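*Asks:* Okay, here's the structure, questions in a sec.
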Amino acid sequence: MYRSHSCLATLCLALMLLLLTPAESRAWSAEGHMIVALVADRLLQAQESPTQGKLTELLASDKSNSWTKTDIAGEATWADALREKSPEGRAATTKWHYVKLDSANPDLTKACFGKPALPSMAPASHGLQDDCVVDKIDQFAKELRDPDTFPGERLMALQFLLNFVADIHDPLNTIEHKDQEGRCVALLPPADWAHESYNVAKEVTYSFVKDVPKDAIGSKYAFPVRKGENDPCGPVPAYSVDATYRDRALAAVKEQLAKAGVRLAFLLRENLQ
């Protein structure tokens with residue numbers, strides 16, 4: 001039996017944190033990534049899997065990380081910290097966090113930039129900038145599984161996987177809606193996972209576009225812009241959504257976080273040998 005009470009308590013905490021700022025639609029926050037990692041960790045502990053010890057050992061080898069804590073929850077946010085704190089890391093890895101399937105024609109190969117192969121002899125962490133989260137999960141899982149992978153690259157493979165498995169379960173990371181990953185909407189197996197999240201985005205996340213009557217759309221809204229940054233959105237329509245939409249969205253968040261945690265545990269158990 002899994003430690004369901006621990007997992008449910010952690011999920012509830014994450015959901016509370018994720019809903020603290022409901023005015024703007026956002027991709028998973030740091031709390032979302034942490035909860036997925038913690039759920040996976042609890043499941044591995046409950047199964048008394050040898051993966052748990054190997055996971056702990058690999059995380060303990062992270063001696064130079066000054067950006068995040070080096071427990072599993074902290075490491076799950078490392079790939080985002082890389083984007084935020086390193087201009088080079090941002091340029092190299094930003095597109096790896098999502099797969100933008102067109103809302104009218106969800107072509108995975110097109111959304112994955114033609115699914116390019118890794119350059120000869122290059123580790124996954126030095127792959128092409130134009131690649132998607134589906135391919136990067138496959139590449140880093142292969143490195144984690146390969147006993148000949150260099151220790152530093154193996155640690156990096158784990159750090160990216162802890163983040164990317166949550167990313168691929170985030171509906172806003174799997175649909176192209178021309179709104180800056182949901183930032184420009186105001187609200188009062190990896191490929192299969194991506195398509196599943198895409199369907200949630202289309203049927204739940206963006207259902208307000210077709211469900212909300214025109215007279216429920218409020219005035220234009222402009223998001224606050226940080227000093228020194230440009231506004232990527234401009235004034236956007238402010239949709240007034242009801243409790244039914246919020247309940248559906250909350251249920252979707254619960255389900256996606258739970259699935260991500262279970263699938264991350266499975267991926268780690270299968271590849272961390």
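Labels used: A, B, ... for chains in the order of the structure tokens, numbers from 1 for residues in each chain, and numbers from 1 for ligands as shown.
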Do you know which residues are at most 6 Å from segment 35-48 of chain A counting only C-alpha atoms, after dropping those on the same chain fewer than 2 positions away, and could you put them as a ChimeraX atom specification?
*Replies:* /A:2,7,32-33,52,73,257,260-262,264-265
*Asks:* List every residue of segment 73-201 of chain A that DSSP, applied to the backbone, labels as helix (DSSP H, G or I), and write the result as a PyMOL selection string.
*Replies:* chain A and resi 73-75+78-85+87-97+108-111+124-126+133-145+151-168+171-173+190-201
*Asks:* Could you give me, as JSON lines, a per-residue list for segment 40-89 of chain A showing, wherever an atom lies at most 9 Å from an atom of segment 148-158 of chain A, the closest pair of atoms and their distance in Å to one decimal, using only C-alpha atoms and sorting by chain then residue number from low to high?
*Replies:*
```
{"residue": "A:Leu55", "atom": "CA", "partner": "A:Leu158", "partner_atom": "CA", "distance": 8.7}
{"residue": "A:Leu58", "atom": "CA", "partner": "A:Leu155", "partner_atom": "CA", "distance": 6.4}
{"residue": "A:Leu59", "atom": "CA", "partner": "A:Leu155", "partner_atom": "CA", "distance": 7.1}
{"residue": "A:Ser61", "atom": "CA", "partner": "A:Leu155", "partner_atom": "CA", "distance": 7.7}
{"residue": "A:Asp62", "atom": "CA", "partner": "A:Leu155", "partner_atom": "CA", "distance": 7.3}
{"residue": "A:Glu75", "atom": "CA", "partner": "A:Leu158", "partner_atom": "CA", "distance": 8.6}
{"residue": "A:Ala76", "atom": "CA", "partner": "A:Leu158", "partner_atom": "CA", "distance": 8.8}
```
*Asks:* Excluding Ser197 of chain A and its own-chain neighbours fewer than 5 positions away, which residues fall within 8 Å of it when counting only C-alpha atoms? Please give them as a list of chain:residue names.
*Replies:*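 Selected residues are A:Ile168, A:His169, A:Asp170, A:Pro171, A:Thr174, A:Gln256.
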*Asks:* Please measure the separation of atom CA of Val99 of chain A and atom CA of Ala249 of chain A, giving the value in Å to one decimal.
*Replies:* 20.7 Å
*Asks:* Pick out the residues sitting within 7 Å of Asn271 of chain A, and hand them over as a list of chain:residue names; count only C-alpha atoms, and ignore anything fewer than 2 positions along from it in its own chain.
*Replies:* A:Ala141, A:Leu144, A:Arg145, A:Leu267, A:Leu268, A:Arg269, A:Gln273
*Asks:* Under the rule that only C-alpha atoms are counted, which of A:Leu272, A:Ala251, A:Cys233, A:Ala122 is the nearest residue to Pro147 of chain A?
*Replies:* A:Leu272
*Asks:* Which residues are close to segment 125-137 of chain A, i.e. within 8 Å by only C-alpha atoms, leaving aside same-chain residues fewer than 3 positions away? Reply as a ChimeraX atom specification.
*Replies:* /A:91-99,111-113,115-116,118-119,122,140-141,153,156-157,161,164-165,167-168,190-191,194
*Asks:* Figure out the distance between atom CA of Ser49 of chain A and atom CA of Glu255 of chain A, please, to one decimal in Å.
*Replies:* 24.1 Å
